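Student: The following file, entry33.pdb, comprises PDB, N, CA and C atoms:
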```pdb
MODEL        1
ATOM      1  N   MET A   7     154.298-249.084-138.734
ATOM      2  CA  MET A   7     154.105-247.656-138.577
ATOM      3  C   MET A   7     153.298-247.161-139.773
ATOM      4  N   THR A   8     152.249-246.435-139.487
ATOM      5  CA  THR A   8     151.419-245.913-140.567
ATOM      6  C   THR A   8     152.014-244.621-141.108
ATOM      7  N   ARG A   9     151.491-244.198-142.200
ATOM      8  CA  ARG A   9     151.947-242.963-142.847
ATOM      9  C   ARG A   9     151.739-241.768-141.920
ATOM     10  N   THR A  10     150.619-241.749-141.212
ATOM     11  CA  THR A  10     150.315-240.648-140.298
ATOM     12  C   THR A  10     151.295-240.622-139.133
ATOM     13  N   GLU A  11     151.594-241.781-138.563
ATOM     14  CA  GLU A  11     152.566-241.848-137.472
ATOM     15  C   GLU A  11     153.935-241.376-137.933
ATOM     16  N   GLN A  12     154.326-241.805-139.126
ATOM     17  CA  GLN A  12     155.611-241.402-139.696
ATOM     18  C   GLN A  12     155.677-239.881-139.799
ATOM     19  N   HIS A  13     154.618-239.266-140.303
ATOM     20  CA  HIS A  13     154.594-237.822-140.484
ATOM     21  C   HIS A  13     154.659-237.093-139.134
ATOM     22  N   LYS A  14     153.953-237.591-138.140
ATOM     23  CA  LYS A  14     153.957-236.956-136.821
ATOM     24  C   LYS A  14     155.338-237.035-136.177
ATOM     25  N   ILE A  15     156.016-238.154-136.337
ATOM     26  CA  ILE A  15     157.360-238.307-135.777
ATOM     27  C   ILE A  15     158.326-237.351-136.457
ATOM     28  N   VAL A  16     158.239-237.240-137.777
ATOM     29  CA  VAL A  16     159.115-236.321-138.516
ATOM     30  C   VAL A  16     158.864-234.893-138.062
ATOM     31  N   GLU A  17     157.609-234.515-137.921
ATOM     32  CA  GLU A  17     157.285-233.153-137.494
ATOM     33  C   GLU A  17     157.772-232.883-136.069
ATOM     34  N   ALA A  18     157.690-233.881-135.186
ATOM     35  CA  ALA A  18     158.164-233.700-133.813
ATOM     36  C   ALA A  18     159.681-233.525-133.781
ATOM     37  N   LEU A  19     160.393-234.239-134.642
ATOM     38  CA  LEU A  19     161.852-234.169-134.642
ATOM     39  C   LEU A  19     162.394-232.868-135.222
ATOM     40  N   VAL A  20     161.599-232.145-135.973
ATOM     41  CA  VAL A  20     162.063-230.886-136.562
ATOM     42  C   VAL A  20     162.504-229.917-135.467
ATOM     43  N   ASP A  21     161.838-229.952-134.319
ATOM     44  CA  ASP A  21     162.191-229.051-133.218
ATOM     45  C   ASP A  21     163.527-229.398-132.570
ATOM     46  N   TYR A  22     164.071-230.569-132.874
ATOM     47  CA  TYR A  22     165.308-231.023-132.241
ATOM     48  C   TYR A  22     166.468-231.125-133.225
ATOM     49  N   LEU A  23     166.372-230.469-134.360
ATOM     50  CA  LEU A  23     167.442-230.499-135.360
ATOM     51  C   LEU A  23     168.755-229.961-134.804
ATOM     52  N   HIS A  24     168.678-228.958-133.958
ATOM     53  CA  HIS A  24     169.895-228.334-133.429
ATOM     54  C   HIS A  24     170.693-229.270-132.527
ATOM     55  N   LYS A  25     170.081-230.337-132.021
ATOM     56  CA  LYS A  25     170.781-231.280-131.150
ATOM     57  C   LYS A  25     171.445-232.419-131.912
ATOM     58  N   MET A  26     171.078-232.619-133.170
ATOM     59  CA  MET A  26     171.592-233.751-133.934
ATOM     60  C   MET A  26     172.996-233.471-134.450
ATOM     61  N   ASP A  27     173.808-234.534-134.514
ATOM     62  CA  ASP A  27     175.139-234.378-135.095
ATOM     63  C   ASP A  27     175.043-234.532-136.617
ATOM     64  N   GLY A  28     176.152-234.443-137.297
ATOM     65  CA  GLY A  28     176.174-234.394-138.752
ATOM     66  C   GLY A  28     175.541-235.578-139.452
ATOM     67  N   SER A  29     175.920-236.798-139.068
ATOM     68  CA  SER A  29     175.386-237.972-139.767
ATOM     69  C   SER A  29     173.909-238.181-139.467
ATOM     70  N   GLU A  30     173.500-237.948-138.213
ATOM     71  CA  GLU A  30     172.085-238.079-137.867
ATOM     72  C   GLU A  30     171.265-237.026-138.594
ATOM     73  N   LEU A  31     171.811-235.829-138.696
ATOM     74  CA  LEU A  31     171.105-234.755-139.379
ATOM     75  C   LEU A  31     170.930-235.073-140.862
ATOM     76  N   ASP A  32     171.974-235.608-141.486
ATOM     77  CA  ASP A  32     171.881-235.986-142.894
ATOM     78  C   ASP A  32     170.828-237.065-143.107
ATOM     79  N   GLU A  33     170.831-238.082-142.247
ATOM     80  CA  GLU A  33     169.843-239.151-142.350
ATOM     81  C   GLU A  33     168.436-238.612-142.160
ATOM     82  N   PHE A  34     168.267-237.745-141.152
ATOM     83  CA  PHE A  34     166.945-237.206-140.886
ATOM     84  C   PHE A  34     166.460-236.342-142.046
ATOM     85  N   GLU A  35     167.336-235.530-142.615
ATOM     86  CA  GLU A  35     166.933-234.683-143.737
ATOM     87  C   GLU A  35     166.473-235.536-144.926
ATOM     88  N   MET A  36     167.135-236.666-145.155
ATOM     89  CA  MET A  36     166.726-237.567-146.223
ATOM     90  C   MET A  36     165.341-238.147-145.926
ATOM     91  N   MET A  37     165.118-238.547-144.680
ATOM     92  CA  MET A  37     163.800-239.076-144.308
ATOM     93  C   MET A  37     162.735-237.990-144.391
ATOM     94  N   ARG A  38     163.098-236.788-144.006
ATOM     95  CA  ARG A  38     162.155-235.672-144.069
ATOM     96  C   ARG A  38     161.762-235.375-145.515
ATOM     97  N   LYS A  39     162.737-235.443-146.406
ATOM     98  CA  LYS A  39     162.472-235.217-147.823
ATOM     99  C   LYS A  39     161.551-236.298-148.373
ATOM    100  N   ARG A  40     161.817-237.553-147.992
ATOM    101  CA  ARG A  40     160.960-238.652-148.437
ATOM    102  C   ARG A  40     159.548-238.502-147.873
ATOM    103  N   ASP A  41     159.434-237.990-146.650
ATOM    104  CA  ASP A  41     158.120-237.766-146.050
ATOM    105  C   ASP A  41     157.357-236.683-146.811
ATOM    106  N   ARG A  42     158.049-235.614-147.174
ATOM    107  CA  ARG A  42     157.405-234.547-147.937
ATOM    108  C   ARG A  42     156.945-235.024-149.309
ATOM    109  N   ASP A  43     157.686-235.979-149.884
ATOM    110  CA  ASP A  43     157.317-236.525-151.190
ATOM    111  C   ASP A  43     156.279-237.637-151.081
ATOM    112  N   ASP A  44     155.732-237.839-149.886
ATOM    113  CA  ASP A  44     154.709-238.864-149.615
ATOM    114  C   ASP A  44     155.192-240.269-149.923
ATOM    115  N   GLU A  45     156.453-240.533-149.644
ATOM    116  CA  GLU A  45     156.984-241.881-149.805
ATOM    117  C   GLU A  45     156.946-242.589-148.460
ATOM    118  N   ASP A  46     156.681-243.882-148.496
ATOM    119  CA  ASP A  46     156.772-244.682-147.279
ATOM    120  C   ASP A  46     158.229-245.051-147.062
ATOM    121  N   LEU A  47     158.630-245.088-145.815
ATOM    122  CA  LEU A  47     160.003-245.449-145.490
ATOM    123  C   LEU A  47     160.137-246.965-145.431
ATOM    124  N   ASP A  48     161.324-247.448-145.779
ATOM    125  CA  ASP A  48     161.570-248.892-145.663
ATOM    126  C   ASP A  48     161.793-249.237-144.197
ATOM    127  N   ALA A  49     161.932-250.510-143.900
ATOM    128  CA  ALA A  49     162.030-250.977-142.512
ATOM    129  C   ALA A  49     163.236-250.385-141.793
ATOM    130  N   LEU A  50     164.369-250.312-142.465
ATOM    131  CA  LEU A  50     165.575-249.770-141.843
ATOM    132  C   LEU A  50     165.414-248.283-141.526
ATOM    133  N   SER A  51     164.837-247.541-142.444
ATOM    134  CA  SER A  51     164.620-246.109-142.226
ATOM    135  C   SER A  51     163.612-245.866-141.116
ATOM    136  N   ARG A  52     162.566-246.691-141.057
ATOM    137  CA  ARG A  52     161.579-246.556-139.975
ATOM    138  C   ARG A  52     162.238-246.821-138.625
ATOM    139  N   HIS A  53     163.110-247.818-138.583
ATOM    140  CA  HIS A  53     163.813-248.140-137.347
ATOM    141  C   HIS A  53     164.719-246.974-136.930
ATOM    142  N   THR A  54     165.437-246.410-137.867
ATOM    143  CA  THR A  54     166.319-245.267-137.586
ATOM    144  C   THR A  54     165.508-244.067-137.122
ATOM    145  N   LEU A  55     164.374-243.823-137.766
ATOM    146  CA  LEU A  55     163.510-242.710-137.390
ATOM    147  C   LEU A  55     162.997-242.891-135.963
ATOM    148  N   THR A  56     162.614-244.094-135.628
ATOM    149  CA  THR A  56     162.134-244.381-134.281
ATOM    150  C   THR A  56     163.252-244.189-133.257
ATOM    151  N   GLU A  57     164.465-244.612-133.586
ATOM    152  CA  GLU A  57     165.603-244.411-132.681
ATOM    153  C   GLU A  57     165.870-242.922-132.445
ATOM    154  N   LEU A  58     165.819-242.126-133.497
ATOM    155  CA  LEU A  58     166.020-240.685-133.356
ATOM    156  C   LEU A  58     164.924-240.074-132.491
ATOM    157  N   TYR A  59     163.710-240.537-132.679
ATOM    158  CA  TYR A  59     162.572-240.034-131.902
ATOM    159  C   TYR A  59     162.764-240.313-130.414
ATOM    160  N   VAL A  60     163.160-241.535-130.087
ATOM    161  CA  VAL A  60     163.370-241.911-128.691
ATOM    162  C   VAL A  60     164.563-241.157-128.107
ATOM    163  N   LYS A  61     165.588-240.946-128.909
ATOM    164  CA  LYS A  61     166.800-240.292-128.434
ATOM    165  C   LYS A  61     166.597-238.804-128.163
ATOM    166  N   TYR A  62     165.879-238.109-129.026
ATOM    167  CA  TYR A  62     165.810-236.647-128.941
ATOM    168  C   TYR A  62     164.531-236.080-128.347
ATOM    169  N   VAL A  63     163.403-236.710-128.547
ATOM    170  CA  VAL A  63     162.148-236.161-128.039
ATOM    171  C   VAL A  63     161.964-236.648-126.601
ATOM    172  N   PRO A  64     161.841-235.726-125.645
ATOM    173  CA  PRO A  64     161.652-236.138-124.244
ATOM    174  C   PRO A  64     160.388-236.976-124.088
ATOM    175  N   GLU A  65     160.428-237.895-123.160
ATOM    176  CA  GLU A  65     159.317-238.829-122.976
ATOM    177  C   GLU A  65     158.002-238.115-122.679
ATOM    178  N   ARG A  66     158.056-236.994-121.997
ATOM    179  CA  ARG A  66     156.808-236.303-121.670
ATOM    180  C   ARG A  66     156.103-235.733-122.894
ATOM    181  N   PHE A  67     156.830-235.556-124.018
ATOM    182  CA  PHE A  67     156.233-235.051-125.245
ATOM    183  C   PHE A  67     155.837-236.161-126.207
ATOM    184  N   ARG A  68     156.241-237.395-125.906
ATOM    185  CA  ARG A  68     155.843-238.513-126.752
ATOM    186  C   ARG A  68     154.439-238.925-126.391
ATOM    187  N   ARG A  69     153.792-239.601-127.299
ATOM    188  CA  ARG A  69     152.395-240.001-127.085
ATOM    189  C   ARG A  69     152.197-240.849-125.903
TER     190      ARG A  69
ENDMDL
END
```
Would you encode the structure as structure tokens?
Tutor:
Amino acid sequence: MTRTEQHKIVEALVDYLHKMDGSELDEFEMMRKRDRDDEDLDALSRHTLTELYVKYVPERFRR
């Protein structure tokens, strides 16, 4: 996953914050903070981010 893809996924998930439960929200906020600081995510975080994307963003809005 490139830096640009990571940023687009984070931005897409912002619209679905209200659907996330507590632990998912905490994880996402940490990833969002790392994205704002221009840090690359490690493999585990990228996998979690992708899972959240598939879970919350409807398929018609995905690329």
Student: Suppose you want the space between atom C of Leu23 in chain A and CA of Asp46 in chain A; what is it in Å?
Tutor: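 Interatomic distance here is 22.7 Å.
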Student: Do a neighbour search on Glu57 in chain A at 12 Å with only C-alpha atoms, toss out local chain neighbours closer than 6 positions, and write the hits as number ranges by chain.
Tutor: A: 15-16, 19, 30, 33-34, 50-51, 63
Student: Just give me the gap between CA of Ser29 in chain A and CA of Phe67 in chain A in Å, one decimal is fine.
Tutor: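 Answer for the CA of Ser29 in chain A to CA of Phe67 in chain A separation: 24.2 Å.
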Student: Could you pull out the alpha helix (DSSP H) residues of chain A, going by DSSP on the backbone, and write them as an mmCIF file with N, CA and C atoms, in the frame of the given file?
Tutor:
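For reference, selection32.cif as written:
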```cif
data_model
loop_
_atom_site.group_PDB
_atom_site.id
_atom_site.type_symbol
_atom_site.label_atom_id
_atom_site.label_comp_id
_atom_site.auth_asym_id
_atom_site.auth_seq_id
_atom_site.Cartn_x
_atom_site.Cartn_y
_atom_site.Cartn_z
ATOM 1 N N ARG A 9 151.491 -244.198 -142.200
ATOM 2 C CA ARG A 9 151.947 -242.963 -142.847
ATOM 3 C C ARG A 9 151.739 -241.768 -141.920
ATOM 4 N N THR A 10 150.619 -241.749 -141.212
ATOM 5 C CA THR A 10 150.315 -240.648 -140.298
ATOM 6 C C THR A 10 151.295 -240.622 -139.133
ATOM 7 N N GLU A 11 151.594 -241.781 -138.563
ATOM 8 C CA GLU A 11 152.566 -241.848 -137.472
ATOM 9 C C GLU A 11 153.935 -241.376 -137.933
ATOM 10 N N GLN A 12 154.326 -241.805 -139.126
ATOM 11 C CA GLN A 12 155.611 -241.402 -139.696
ATOM 12 C C GLN A 12 155.677 -239.881 -139.799
ATOM 13 N N HIS A 13 154.618 -239.266 -140.303
ATOM 14 C CA HIS A 13 154.594 -237.822 -140.484
ATOM 15 C C HIS A 13 154.659 -237.093 -139.134
ATOM 16 N N LYS A 14 153.953 -237.591 -138.140
ATOM 17 C CA LYS A 14 153.957 -236.956 -136.821
ATOM 18 C C LYS A 14 155.338 -237.035 -136.177
ATOM 19 N N ILE A 15 156.016 -238.154 -136.337
ATOM 20 C CA ILE A 15 157.360 -238.307 -135.777
ATOM 21 C C ILE A 15 158.326 -237.351 -136.457
ATOM 22 N N VAL A 16 158.239 -237.240 -137.777
ATOM 23 C CA VAL A 16 159.115 -236.321 -138.516
ATOM 24 C C VAL A 16 158.864 -234.893 -138.062
ATOM 25 N N GLU A 17 157.609 -234.515 -137.921
ATOM 26 C CA GLU A 17 157.285 -233.153 -137.494
ATOM 27 C C GLU A 17 157.772 -232.883 -136.069
ATOM 28 N N ALA A 18 157.690 -233.881 -135.186
ATOM 29 C CA ALA A 18 158.164 -233.700 -133.813
ATOM 30 C C ALA A 18 159.681 -233.525 -133.781
ATOM 31 N N LEU A 19 160.393 -234.239 -134.642
ATOM 32 C CA LEU A 19 161.852 -234.169 -134.642
ATOM 33 C C LEU A 19 162.394 -232.868 -135.222
ATOM 34 N N VAL A 20 161.599 -232.145 -135.973
ATOM 35 C CA VAL A 20 162.063 -230.886 -136.562
ATOM 36 C C VAL A 20 162.504 -229.917 -135.467
ATOM 37 N N GLY A 28 176.152 -234.443 -137.297
ATOM 38 C CA GLY A 28 176.174 -234.394 -138.752
ATOM 39 C C GLY A 28 175.541 -235.578 -139.452
ATOM 40 N N SER A 29 175.920 -236.798 -139.068
ATOM 41 C CA SER A 29 175.386 -237.972 -139.767
ATOM 42 C C SER A 29 173.909 -238.181 -139.467
ATOM 43 N N GLU A 30 173.500 -237.948 -138.213
ATOM 44 C CA GLU A 30 172.085 -238.079 -137.867
ATOM 45 C C GLU A 30 171.265 -237.026 -138.594
ATOM 46 N N LEU A 31 171.811 -235.829 -138.696
ATOM 47 C CA LEU A 31 171.105 -234.755 -139.379
ATOM 48 C C LEU A 31 170.930 -235.073 -140.862
ATOM 49 N N ASP A 32 171.974 -235.608 -141.486
ATOM 50 C CA ASP A 32 171.881 -235.986 -142.894
ATOM 51 C C ASP A 32 170.828 -237.065 -143.107
ATOM 52 N N GLU A 33 170.831 -238.082 -142.247
ATOM 53 C CA GLU A 33 169.843 -239.151 -142.350
ATOM 54 C C GLU A 33 168.436 -238.612 -142.160
ATOM 55 N N PHE A 34 168.267 -237.745 -141.152
ATOM 56 C CA PHE A 34 166.945 -237.206 -140.886
ATOM 57 C C PHE A 34 166.460 -236.342 -142.046
ATOM 58 N N GLU A 35 167.336 -235.530 -142.615
ATOM 59 C CA GLU A 35 166.933 -234.683 -143.737
ATOM 60 C C GLU A 35 166.473 -235.536 -144.926
ATOM 61 N N MET A 36 167.135 -236.666 -145.155
ATOM 62 C CA MET A 36 166.726 -237.567 -146.223
ATOM 63 C C MET A 36 165.341 -238.147 -145.926
ATOM 64 N N MET A 37 165.118 -238.547 -144.680
ATOM 65 C CA MET A 37 163.800 -239.076 -144.308
ATOM 66 C C MET A 37 162.735 -237.990 -144.391
ATOM 67 N N ARG A 38 163.098 -236.788 -144.006
ATOM 68 C CA ARG A 38 162.155 -235.672 -144.069
ATOM 69 C C ARG A 38 161.762 -235.375 -145.515
ATOM 70 N N LYS A 39 162.737 -235.443 -146.406
ATOM 71 C CA LYS A 39 162.472 -235.217 -147.823
ATOM 72 C C LYS A 39 161.551 -236.298 -148.373
ATOM 73 N N ARG A 40 161.817 -237.553 -147.992
ATOM 74 C CA ARG A 40 160.960 -238.652 -148.437
ATOM 75 C C ARG A 40 159.548 -238.502 -147.873
ATOM 76 N N ASP A 41 159.434 -237.990 -146.650
ATOM 77 C CA ASP A 41 158.120 -237.766 -146.050
ATOM 78 C C ASP A 41 157.357 -236.683 -146.811
ATOM 79 N N ARG A 42 158.049 -235.614 -147.174
ATOM 80 C CA ARG A 42 157.405 -234.547 -147.937
ATOM 81 C C ARG A 42 156.945 -235.024 -149.309
ATOM 82 N N ALA A 49 161.932 -250.510 -143.900
ATOM 83 C CA ALA A 49 162.030 -250.977 -142.512
ATOM 84 C C ALA A 49 163.236 -250.385 -141.793
ATOM 85 N N LEU A 50 164.369 -250.312 -142.465
ATOM 86 C CA LEU A 50 165.575 -249.770 -141.843
ATOM 87 C C LEU A 50 165.414 -248.283 -141.526
ATOM 88 N N SER A 51 164.837 -247.541 -142.444
ATOM 89 C CA SER A 51 164.620 -246.109 -142.226
ATOM 90 C C SER A 51 163.612 -245.866 -141.116
ATOM 91 N N ARG A 52 162.566 -246.691 -141.057
ATOM 92 C CA ARG A 52 161.579 -246.556 -139.975
ATOM 93 C C ARG A 52 162.238 -246.821 -138.625
ATOM 94 N N HIS A 53 163.110 -247.818 -138.583
ATOM 95 C CA HIS A 53 163.813 -248.140 -137.347
ATOM 96 C C HIS A 53 164.719 -246.974 -136.930
ATOM 97 N N THR A 54 165.437 -246.410 -137.867
ATOM 98 C CA THR A 54 166.319 -245.267 -137.586
ATOM 99 C C THR A 54 165.508 -244.067 -137.122
ATOM 100 N N LEU A 55 164.374 -243.823 -137.766
ATOM 101 C CA LEU A 55 163.510 -242.710 -137.390
ATOM 102 C C LEU A 55 162.997 -242.891 -135.963
ATOM 103 N N THR A 56 162.614 -244.094 -135.628
ATOM 104 C CA THR A 56 162.134 -244.381 -134.281
ATOM 105 C C THR A 56 163.252 -244.189 -133.257
ATOM 106 N N GLU A 57 164.465 -244.612 -133.586
ATOM 107 C CA GLU A 57 165.603 -244.411 -132.681
ATOM 108 C C GLU A 57 165.870 -242.922 -132.445
ATOM 109 N N LEU A 58 165.819 -242.126 -133.497
ATOM 110 C CA LEU A 58 166.020 -240.685 -133.356
ATOM 111 C C LEU A 58 164.924 -240.074 -132.491
ATOM 112 N N TYR A 59 163.710 -240.537 -132.679
ATOM 113 C CA TYR A 59 162.572 -240.034 -131.902
ATOM 114 C C TYR A 59 162.764 -240.313 -130.414
ATOM 115 N N VAL A 60 163.160 -241.535 -130.087
ATOM 116 C CA VAL A 60 163.370 -241.911 -128.691
ATOM 117 C C VAL A 60 164.563 -241.157 -128.107
ATOM 118 N N LYS A 61 165.588 -240.946 -128.909
ATOM 119 C CA LYS A 61 166.800 -240.292 -128.434
ATOM 120 C C LYS A 61 166.597 -238.804 -128.163
ATOM 121 N N TYR A 62 165.879 -238.109 -129.026
ATOM 122 C CA TYR A 62 165.810 -236.647 -128.941
ATOM 123 C C TYR A 62 164.531 -236.080 -128.347
#
```
Student: Quick check, in Å to one decimal: how far apart do CA of Arg68 in chain A and atom N of Glu11 in chain A lie?
Tutor: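 Between CA of Arg68 in chain A and atom N of Glu11 in chain A the gap is 13.0 Å.
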Student: All heavy atoms are needed for range 41-52 of chain A; please write them out as a CSV table (one decimal), keeping the file's coordinate frame.
Tutor:
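So part.csv came out as:
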```
chain,number,residue,atom,x,y,z
A,41,ASP,N,159.4,-238.0,-146.6
A,41,ASP,CA,158.1,-237.8,-146.0
A,41,ASP,C,157.4,-236.7,-146.8
A,41,ASP,O,156.2,-236.8,-147.1
A,41,ASP,CB,158.3,-237.4,-144.6
A,41,ASP,CG,156.9,-237.2,-143.9
A,41,ASP,OD1,156.2,-238.2,-143.8
A,41,ASP,OD2,156.7,-236.1,-143.4
A,42,ARG,N,158.0,-235.6,-147.2
A,42,ARG,CA,157.4,-234.5,-147.9
A,42,ARG,C,156.9,-235.0,-149.3
A,42,ARG,O,156.0,-234.5,-149.8
A,42,ARG,CB,158.4,-233.4,-148.1
A,42,ARG,CG,158.3,-232.4,-147.0
A,42,ARG,CD,159.1,-231.2,-147.2
A,42,ARG,NE,160.4,-231.4,-146.6
A,42,ARG,CZ,161.6,-231.0,-147.1
A,42,ARG,NH1,161.6,-230.2,-148.1
A,42,ARG,NH2,162.7,-231.3,-146.5
A,43,ASP,N,157.7,-236.0,-149.9
A,43,ASP,CA,157.3,-236.5,-151.2
A,43,ASP,C,156.3,-237.6,-151.1
A,43,ASP,O,156.0,-238.3,-152.1
A,43,ASP,CB,158.6,-237.1,-151.9
A,43,ASP,CG,159.5,-236.0,-152.3
A,43,ASP,OD1,159.1,-234.8,-152.3
A,43,ASP,OD2,160.7,-236.3,-152.5
A,44,ASP,N,155.7,-237.8,-149.9
A,44,ASP,CA,154.7,-238.9,-149.6
A,44,ASP,C,155.2,-240.3,-149.9
A,44,ASP,O,154.4,-241.1,-150.4
A,44,ASP,CB,153.4,-238.6,-150.4
A,44,ASP,CG,152.7,-237.4,-149.9
A,44,ASP,OD1,152.8,-237.1,-148.6
A,44,ASP,OD2,152.0,-236.7,-150.6
A,45,GLU,N,156.5,-240.5,-149.6
A,45,GLU,CA,157.0,-241.9,-149.8
A,45,GLU,C,156.9,-242.6,-148.5
A,45,GLU,O,157.2,-242.0,-147.4
A,45,GLU,CB,158.4,-241.8,-150.3
A,45,GLU,CG,158.6,-241.3,-151.7
A,45,GLU,CD,160.1,-241.4,-152.1
A,45,GLU,OE1,160.8,-242.3,-151.6
A,45,GLU,OE2,160.5,-240.5,-152.8
A,46,ASP,N,156.7,-243.9,-148.5
A,46,ASP,CA,156.8,-244.7,-147.3
A,46,ASP,C,158.2,-245.1,-147.1
A,46,ASP,O,159.0,-245.3,-148.0
A,46,ASP,CB,155.9,-246.0,-147.4
A,46,ASP,CG,154.5,-245.7,-147.3
A,46,ASP,OD1,154.1,-244.7,-146.7
A,46,ASP,OD2,153.7,-246.4,-148.0
A,47,LEU,N,158.6,-245.1,-145.8
A,47,LEU,CA,160.0,-245.4,-145.5
A,47,LEU,C,160.1,-247.0,-145.4
A,47,LEU,O,159.2,-247.7,-145.1
A,47,LEU,CB,160.4,-244.9,-144.1
A,47,LEU,CG,160.4,-243.3,-144.0
A,47,LEU,CD1,160.7,-242.9,-142.6
A,47,LEU,CD2,161.3,-242.7,-145.0
A,48,ASP,N,161.3,-247.4,-145.8
A,48,ASP,CA,161.6,-248.9,-145.7
A,48,ASP,C,161.8,-249.2,-144.2
A,48,ASP,O,161.8,-248.4,-143.3
A,48,ASP,CB,162.8,-249.3,-146.5
A,48,ASP,CG,164.0,-248.5,-146.2
A,48,ASP,OD1,164.2,-248.1,-145.1
A,48,ASP,OD2,164.9,-248.4,-147.1
A,49,ALA,N,161.9,-250.5,-143.9
A,49,ALA,CA,162.0,-251.0,-142.5
A,49,ALA,C,163.2,-250.4,-141.8
A,49,ALA,O,163.1,-250.0,-140.6
A,49,ALA,CB,162.1,-252.5,-142.5
A,50,LEU,N,164.4,-250.3,-142.5
A,50,LEU,CA,165.6,-249.8,-141.8
A,50,LEU,C,165.4,-248.3,-141.5
A,50,LEU,O,165.8,-247.8,-140.4
A,50,LEU,CB,166.8,-250.0,-142.8
A,50,LEU,CG,168.1,-249.5,-142.2
A,50,LEU,CD1,168.5,-250.3,-140.9
A,50,LEU,CD2,169.2,-249.8,-143.2
A,51,SER,N,164.8,-247.5,-142.4
A,51,SER,CA,164.6,-246.1,-142.2
A,51,SER,C,163.6,-245.9,-141.1
A,51,SER,O,163.8,-244.9,-140.3
A,51,SER,CB,164.1,-245.4,-143.5
A,51,SER,OG,165.1,-245.5,-144.5
A,52,ARG,N,162.6,-246.7,-141.1
A,52,ARG,CA,161.6,-246.6,-140.0
A,52,ARG,C,162.2,-246.8,-138.6
A,52,ARG,O,162.0,-246.1,-137.7
A,52,ARG,CB,160.4,-247.5,-140.2
A,52,ARG,CG,159.4,-247.1,-141.2
A,52,ARG,CD,158.2,-247.9,-141.2
A,52,ARG,NE,158.4,-249.3,-141.2
A,52,ARG,CZ,158.3,-250.1,-142.3
A,52,ARG,NH1,158.1,-249.5,-143.5
A,52,ARG,NH2,158.5,-251.4,-142.2
```
